[in-house]
file final22.csv (CSV, C-alpha atoms)
chain,number,residue,atom,x,y,z
B,298,MET,CA,70.2,5.6,-6.2
B,299,ILE,CA,66.9,4.3,-4.7
B,300,PRO,CA,66.0,5.6,-1.2
B,301,GLU,CA,65.6,3.0,1.5
B,302,ILE,CA,62.9,3.2,4.1
B,303,ASP,CA,64.1,3.5,7.7
B,304,PRO,CA,62.2,0.8,9.7
B,305,VAL,CA,61.7,3.4,12.5
B,306,PHE,CA,59.6,5.6,10.2
B,307,ASP,CA,57.8,2.8,8.3
B,308,VAL,CA,54.2,4.0,8.6
B,309,ASP,CA,52.6,0.8,7.4
B,310,SER,CA,54.1,-1.2,10.2
B,311,GLU,CA,52.6,1.1,12.8
B,312,PHE,CA,49.0,0.5,12.0
B,313,ASN,CA,46.8,-2.6,12.5
B,314,TYR,CA,43.9,-2.8,10.1
B,315,GLU,CA,40.8,-4.6,11.5
B,316,ASP,CA,37.3,-5.0,10.1
B,317,GLU,CA,34.7,-3.1,12.2
B,318,SER,CA,32.2,-5.1,14.1
B,319,SER,CA,28.7,-5.2,12.9
B,320,LEU,CA,27.4,-5.0,16.5
B,321,THR,CA,24.4,-2.6,16.7
B,322,TYR,CA,21.2,-2.0,18.6
B,323,HIS,CA,18.4,-4.5,18.0
B,324,MET,CA,15.2,-3.0,16.6
B,325,LYS,CA,12.0,-4.8,17.4
B,326,LEU,CA,9.9,-3.6,14.5
B,327,ASP,CA,6.8,-5.4,15.6
B,328,LYS,CA,6.9,-3.7,19.0
B,329,ASP,CA,8.4,-0.4,17.9
B,330,ARG,CA,11.2,-0.7,20.4
B,331,VAL,CA,15.0,-0.9,20.5
B,332,ILE,CA,16.1,-3.6,22.9
B,333,GLY,CA,19.6,-5.0,23.4
B,334,SER,CA,22.0,-5.5,20.6
B,335,THR,CA,22.5,-7.7,17.6
B,336,ASP,CA,25.4,-8.8,15.3
B,337,GLU,CA,26.2,-10.4,12.0
B,338,ILE,CA,23.3,-11.7,9.9
B,339,GLU,CA,20.6,-10.1,12.1
B,340,ALA,CA,22.4,-6.8,12.0
B,341,MET,CA,22.5,-7.1,8.2
B,342,LYS,CA,18.8,-7.8,8.0
B,343,GLN,CA,18.2,-4.6,10.0
B,344,ALA,CA,20.7,-2.6,7.9
B,345,ILE,CA,19.0,-3.7,4.7
B,346,TYR,CA,15.6,-2.9,6.1
B,347,LYS,CA,16.7,0.6,7.1
B,348,ILE,CA,18.3,1.3,3.7
B,349,ILE,CA,15.4,0.2,1.6
B,350,PHE,CA,12.8,2.1,3.8
B,351,THR,CA,14.8,5.4,4.0
B,352,GLU,CA,14.2,7.8,1.1
B,353,ARG,CA,17.5,9.2,-0.1
B,354,TYR,CA,18.1,12.9,0.3
B,355,GLU,CA,15.0,13.2,2.6
B,356,TYR,CA,16.7,13.3,6.0
B,357,ILE,CA,19.7,15.5,6.9
B,358,ILE,CA,21.0,13.1,9.5
B,359,TYR,CA,22.0,10.6,6.7
B,360,SER,CA,24.6,11.2,4.0
B,361,TRP,CA,23.5,11.5,0.4
B,362,ASP,CA,24.8,7.9,-0.2
B,363,TYR,CA,22.3,6.4,2.2
B,364,GLY,CA,18.9,5.2,1.4
B,365,ILE,CA,17.0,4.6,-1.8
B,366,GLU,CA,15.3,6.9,-4.4
B,367,LEU,CA,11.7,5.7,-4.9
B,368,LYS,CA,9.6,8.9,-4.5
B,369,ASP,CA,10.0,10.0,-8.1
B,370,LEU,CA,8.7,6.7,-9.5
B,371,PHE,CA,5.2,7.7,-8.4
B,372,GLY,CA,3.0,8.0,-11.5
B,373,MET,CA,5.6,6.5,-13.9
B,374,PRO,CA,4.7,3.9,-16.5
B,375,GLN,CA,5.0,0.3,-15.5
B,376,SER,CA,7.6,-0.4,-18.1
B,377,TYR,CA,9.9,2.4,-16.7
B,378,VAL,CA,9.4,1.1,-13.2
B,379,ARG,CA,10.2,-2.5,-14.2
B,380,ALA,CA,13.5,-1.3,-15.6
B,381,GLU,CA,14.4,1.2,-12.9
B,382,LEU,CA,13.7,-0.7,-9.7
B,383,PRO,CA,16.4,-3.3,-9.9
B,384,ARG,CA,19.0,-0.6,-10.6
B,385,ARG,CA,17.9,1.5,-7.7
B,386,PHE,CA,17.9,-1.3,-5.2
B,387,ASN,CA,21.3,-2.4,-6.3
B,388,GLU,CA,22.6,1.2,-6.1
B,389,ALA,CA,21.2,1.7,-2.6
B,390,LEU,CA,22.3,-1.6,-1.1
B,391,LEU,CA,25.8,-1.9,-2.6
B,392,GLN,CA,26.8,1.3,-0.8
B,393,ASP,CA,27.1,-0.9,2.3
B,394,GLU,CA,30.5,-2.7,1.9
B,395,ARG,CA,29.2,-5.8,3.8
B,396,ILE,CA,26.7,-6.5,0.9
B,397,ILE,CA,28.4,-8.3,-1.9
B,398,SER,CA,25.6,-8.6,-4.5
B,399,ILE,CA,21.8,-8.7,-5.0
B,400,SER,CA,20.2,-11.6,-6.9
B,401,ASP,CA,16.8,-13.2,-7.7
B,402,PHE,CA,15.1,-9.8,-8.1
B,403,THR,CA,11.4,-10.3,-8.7
B,404,MET,CA,8.5,-7.8,-8.9
B,405,LYS,CA,4.8,-8.4,-8.6
B,406,PHE,CA,2.5,-5.6,-9.9
B,407,GLU,CA,-0.4,-6.7,-7.6
B,408,LYS,CA,-2.7,-3.7,-7.5
B,409,ARG,CA,-2.8,-0.6,-9.5
B,410,GLY,CA,-0.1,1.6,-8.0
B,411,ASN,CA,1.7,-1.1,-5.9
B,412,VAL,CA,4.7,-3.2,-6.7
B,413,SER,CA,6.0,-5.9,-4.4
B,414,VAL,CA,9.7,-6.3,-4.7
B,415,TYR,CA,11.6,-9.3,-3.5
B,416,PHE,CA,15.3,-10.1,-3.7
B,417,ILE,CA,18.2,-11.9,-2.0
B,418,ALA,CA,21.1,-9.9,-0.7
B,419,HIS,CA,24.4,-11.8,-0.5
B,420,THR,CA,26.4,-10.4,2.4
B,421,ILE,CA,29.7,-11.3,4.1
B,422,PHE,CA,27.6,-13.0,6.9
B,423,GLY,CA,25.2,-15.0,4.6
B,424,ASP,CA,22.2,-14.5,2.4
B,425,VAL,CA,19.2,-12.3,3.4
B,426,GLU,CA,15.9,-12.8,1.6
B,427,THR,CA,13.8,-9.6,1.9
B,428,GLY,CA,11.7,-7.1,0.0
B,429,ARG,CA,9.2,-4.3,0.3
B,430,ASP,CA,6.1,-2.8,-1.4
B,431,VAL,CA,6.7,0.3,-3.5
B,432,ARG,CA,3.9,2.7,-4.3
B,433,ILE,CA,4.0,3.9,-7.9
call {"tool": "encode", "arguments": {"input": "final22.csv", "output": "structure tokens"}}
result
Amino acid sequence: MIPEIDPVFDVDSEFNYEDESSLTYHMKLDKDRVIGSTDEIEAMKQAIYKIIFTERYEYIIYSWDYGIELKDLFGMPQSYVRAELPRRFNEALLQDERIISISDFTMKFEKRGNVSVYFIAHTIFGDVETGRDVRI
């Protein structure tokens, strides 16, 4: 005998699942201010910026899943950094469920000790081209 679910106690029918809004405060990085709010692709640009410029495990306000680990690359050989950077950017950014994938990852070893990293983040709102310099 298979039990039947009483519709009065059907838990799944009582909840409506909705995606959360990406609405957030708008950071004006060039003016060091937070003014107004932003949504969708602009919010994603801001979220990606914050993730790749926040060192993981450095700030107690963030969970250990937030940010990127770059500090320990300082002084490492170029061959190690070349292999490790794409993995670390992927690991950091894919923690955000709005980011689908990372592609077109390029690195430029411009000066001794500096690497410029560029990539495209494919998000649910569209593609974001961005990057940053990493001191090694």
call {"tool": "residues_around", "arguments": {"input": "final22.csv", "residues": "Tyr415 (chain B)", "least_positions_apart": "2", "cutoff": "9 Å", "atoms": "all atoms listed in the file", "output": "list in words"}}
result
Asp401, Phe402, Thr403, Met404, Lys405, Ser413, Ile417, Glu426, Thr427, Gly428, Arg429 and Asp430 of chain B
call {"tool": "closest_residue", "arguments": {"input": "final22.csv", "among": "B:Arg379, B:Lys342, B:Arg385, B:Gln392", "to": "Ala418 (chain B)", "atoms": "only C-alpha atoms"}}
result
B:Lys342
call {"tool": "atom_distance", "arguments": {"input": "final22.csv", "atom1": "CA of Ile365 (chain B)", "atom2": "CA of Tyr346 (chain B)"}}
result
11.0 Å
call {"tool": "atom_distance", "arguments": {"input": "final22.csv", "atom1": "CA of Asp336 (chain B)", "atom2": "CA of Glu394 (chain B)"}}
result
15.6 Å
call {"tool": "residues_around", "arguments": {"input": "final22.csv", "residues": "Glu352 (chain B)", "least_positions_apart": "4", "cutoff": "7 Å", "atoms": "all atoms listed in the file", "output": "number ranges by chain"}}
result
B: 364-367
call {"tool": "residues_around", "arguments": {"input": "final22.csv", "residues": "Ile348 (chain B)", "least_positions_apart": "2", "cutoff": "8 Å", "atoms": "all atoms listed in the file", "output": "mmCIF file with C-alpha atoms, in the coordinates of the input"}}
result
data_model
loop_
_atom_site.group_PDB
_atom_site.id
_atom_site.type_symbol
_atom_site.label_atom_id
_atom_site.label_comp_id
_atom_site.auth_asym_id
_atom_site.auth_seq_id
_atom_site.Cartn_x
_atom_site.Cartn_y
_atom_site.Cartn_z
ATOM 1 C CA ALA B 344 20.700 -2.600 7.900
ATOM 2 C CA ILE B 345 19.000 -3.700 4.700
ATOM 3 C CA TYR B 346 15.600 -2.900 6.100
ATOM 4 C CA PHE B 350 12.800 2.100 3.800
ATOM 5 C CA THR B 351 14.800 5.400 4.000
ATOM 6 C CA TYR B 363 22.300 6.400 2.200
ATOM 7 C CA GLY B 364 18.900 5.200 1.400
ATOM 8 C CA ILE B 365 17.000 4.600 -1.800
ATOM 9 C CA ALA B 389 21.200 1.700 -2.600
ATOM 10 C CA LEU B 390 22.300 -1.600 -1.100
#
call {"tool": "decode", "arguments": {"input": "final22.csv", "residues": "region 349-381 of chain B", "atoms": "N, CA and C atoms", "output": "mmCIF file, in the first residue's frame"}}
result
data_model
loop_
_atom_site.group_PDB
_atom_site.id
_atom_site.type_symbol
_atom_site.label_atom_id
_atom_site.label_comp_id
_atom_site.auth_asym_id
_atom_site.auth_seq_id
_atom_site.Cartn_x
_atom_site.Cartn_y
_atom_site.Cartn_z
ATOM 1 N N ILE B 349 36.645 40.021 -7.406
ATOM 2 C CA ILE B 349 38.043 39.878 -7.829
ATOM 3 C C ILE B 349 38.988 40.857 -7.132
ATOM 4 N N PHE B 350 38.446 41.827 -6.399
ATOM 5 C CA PHE B 350 39.304 42.736 -5.644
ATOM 6 C C PHE B 350 39.226 42.517 -4.137
ATOM 7 N N THR B 351 38.579 41.434 -3.712
ATOM 8 C CA THR B 351 38.503 41.093 -2.293
ATOM 9 C C THR B 351 39.308 39.820 -2.053
ATOM 10 N N GLU B 352 40.330 39.924 -1.244
ATOM 11 C CA GLU B 352 41.145 38.755 -0.925
ATOM 12 C C GLU B 352 40.353 37.817 -0.023
ATOM 13 N N ARG B 353 40.272 36.554 -0.434
ATOM 14 C CA ARG B 353 39.522 35.558 0.339
ATOM 15 C C ARG B 353 40.187 35.332 1.698
ATOM 16 N N TYR B 354 39.383 35.105 2.710
ATOM 17 C CA TYR B 354 39.788 34.827 4.095
ATOM 18 C C TYR B 354 40.364 36.054 4.817
ATOM 19 N N GLU B 355 40.373 37.210 4.168
ATOM 20 C CA GLU B 355 41.003 38.396 4.737
ATOM 21 C C GLU B 355 40.067 39.183 5.650
ATOM 22 N N TYR B 356 38.762 39.164 5.355
ATOM 23 C CA TYR B 356 37.811 40.002 6.077
ATOM 24 C C TYR B 356 36.739 39.126 6.719
ATOM 25 N N ILE B 357 36.514 39.311 8.007
ATOM 26 C CA ILE B 357 35.549 38.454 8.707
ATOM 27 C C ILE B 357 34.105 38.738 8.309
ATOM 28 N N ILE B 358 33.849 39.872 7.660
ATOM 29 C CA ILE B 358 32.490 40.198 7.246
ATOM 30 C C ILE B 358 32.016 39.286 6.112
ATOM 31 N N TYR B 359 32.946 38.745 5.309
ATOM 32 C CA TYR B 359 32.598 37.883 4.182
ATOM 33 C C TYR B 359 32.754 36.411 4.555
ATOM 34 N N SER B 360 31.932 35.562 3.930
ATOM 35 C CA SER B 360 32.083 34.123 4.143
ATOM 36 C C SER B 360 33.373 33.650 3.477
ATOM 37 N N TRP B 361 33.804 32.451 3.790
ATOM 38 C CA TRP B 361 35.037 31.924 3.220
ATOM 39 C C TRP B 361 34.881 31.548 1.748
ATOM 40 N N ASP B 362 33.672 31.602 1.239
ATOM 41 C CA ASP B 362 33.442 31.335 -0.185
ATOM 42 C C ASP B 362 33.569 32.589 -1.030
ATOM 43 N N TYR B 363 33.705 33.742 -0.409
ATOM 44 C CA TYR B 363 33.685 35.014 -1.132
ATOM 45 C C TYR B 363 35.094 35.547 -1.356
ATOM 46 N N GLY B 364 35.351 36.034 -2.550
ATOM 47 C CA GLY B 364 36.637 36.647 -2.860
ATOM 48 C C GLY B 364 37.539 35.706 -3.637
ATOM 49 N N ILE B 365 38.778 36.155 -3.808
ATOM 50 C CA ILE B 365 39.753 35.406 -4.597
ATOM 51 C C ILE B 365 41.057 35.311 -3.824
ATOM 52 N N GLU B 366 41.771 34.227 -4.008
ATOM 53 C CA GLU B 366 43.062 34.029 -3.336
ATOM 54 C C GLU B 366 44.184 34.409 -4.299
ATOM 55 N N LEU B 367 44.835 35.529 -4.038
ATOM 56 C CA LEU B 367 45.933 35.972 -4.895
ATOM 57 C C LEU B 367 47.206 36.274 -4.110
ATOM 58 N N LYS B 368 47.057 36.515 -2.830
ATOM 59 C CA LYS B 368 48.189 36.932 -1.997
ATOM 60 C C LYS B 368 49.356 35.933 -2.044
ATOM 61 N N ASP B 369 49.032 34.653 -2.039
ATOM 62 C CA ASP B 369 50.087 33.643 -1.980
ATOM 63 C C ASP B 369 50.800 33.439 -3.318
ATOM 64 N N LEU B 370 50.387 34.127 -4.372
ATOM 65 C CA LEU B 370 51.070 34.033 -5.661
ATOM 66 C C LEU B 370 52.294 34.938 -5.730
ATOM 67 N N PHE B 371 52.412 35.846 -4.767
ATOM 68 C CA PHE B 371 53.544 36.776 -4.743
ATOM 69 C C PHE B 371 54.856 35.988 -4.628
ATOM 70 N N GLY B 372 55.764 36.234 -5.556
ATOM 71 C CA GLY B 372 57.069 35.580 -5.544
ATOM 72 C C GLY B 372 57.102 34.232 -6.235
ATOM 73 N N MET B 373 55.975 33.770 -6.743
ATOM 74 C CA MET B 373 55.926 32.471 -7.418
ATOM 75 C C MET B 373 56.433 32.597 -8.857
ATOM 76 N N PRO B 374 56.934 31.493 -9.415
ATOM 77 C CA PRO B 374 57.406 31.527 -10.807
ATOM 78 C C PRO B 374 56.271 31.807 -11.790
ATOM 79 N N GLN B 375 56.624 32.414 -12.902
ATOM 80 C CA GLN B 375 55.644 32.779 -13.913
ATOM 81 C C GLN B 375 54.879 31.567 -14.437
ATOM 82 N N SER B 376 55.530 30.450 -14.592
ATOM 83 C CA SER B 376 54.871 29.241 -15.105
ATOM 84 C C SER B 376 53.771 28.770 -14.150
ATOM 85 N N TYR B 377 54.020 28.858 -12.851
ATOM 86 C CA TYR B 377 53.013 28.473 -11.858
ATOM 87 C C TYR B 377 51.833 29.437 -11.890
ATOM 88 N N VAL B 378 52.132 30.726 -11.952
ATOM 89 C CA VAL B 378 51.089 31.755 -11.975
ATOM 90 C C VAL B 378 50.235 31.618 -13.233
ATOM 91 N N ARG B 379 50.864 31.340 -14.364
ATOM 92 C CA ARG B 379 50.155 31.183 -15.631
ATOM 93 C C ARG B 379 49.144 30.035 -15.561
ATOM 94 N N ALA B 380 49.476 28.989 -14.850
ATOM 95 C CA ALA B 380 48.571 27.845 -14.711
ATOM 96 C C ALA B 380 47.520 28.062 -13.629
ATOM 97 N N GLU B 381 47.866 28.800 -12.610
ATOM 98 C CA GLU B 381 47.004 28.936 -11.431
ATOM 99 C C GLU B 381 45.960 30.045 -11.542
#
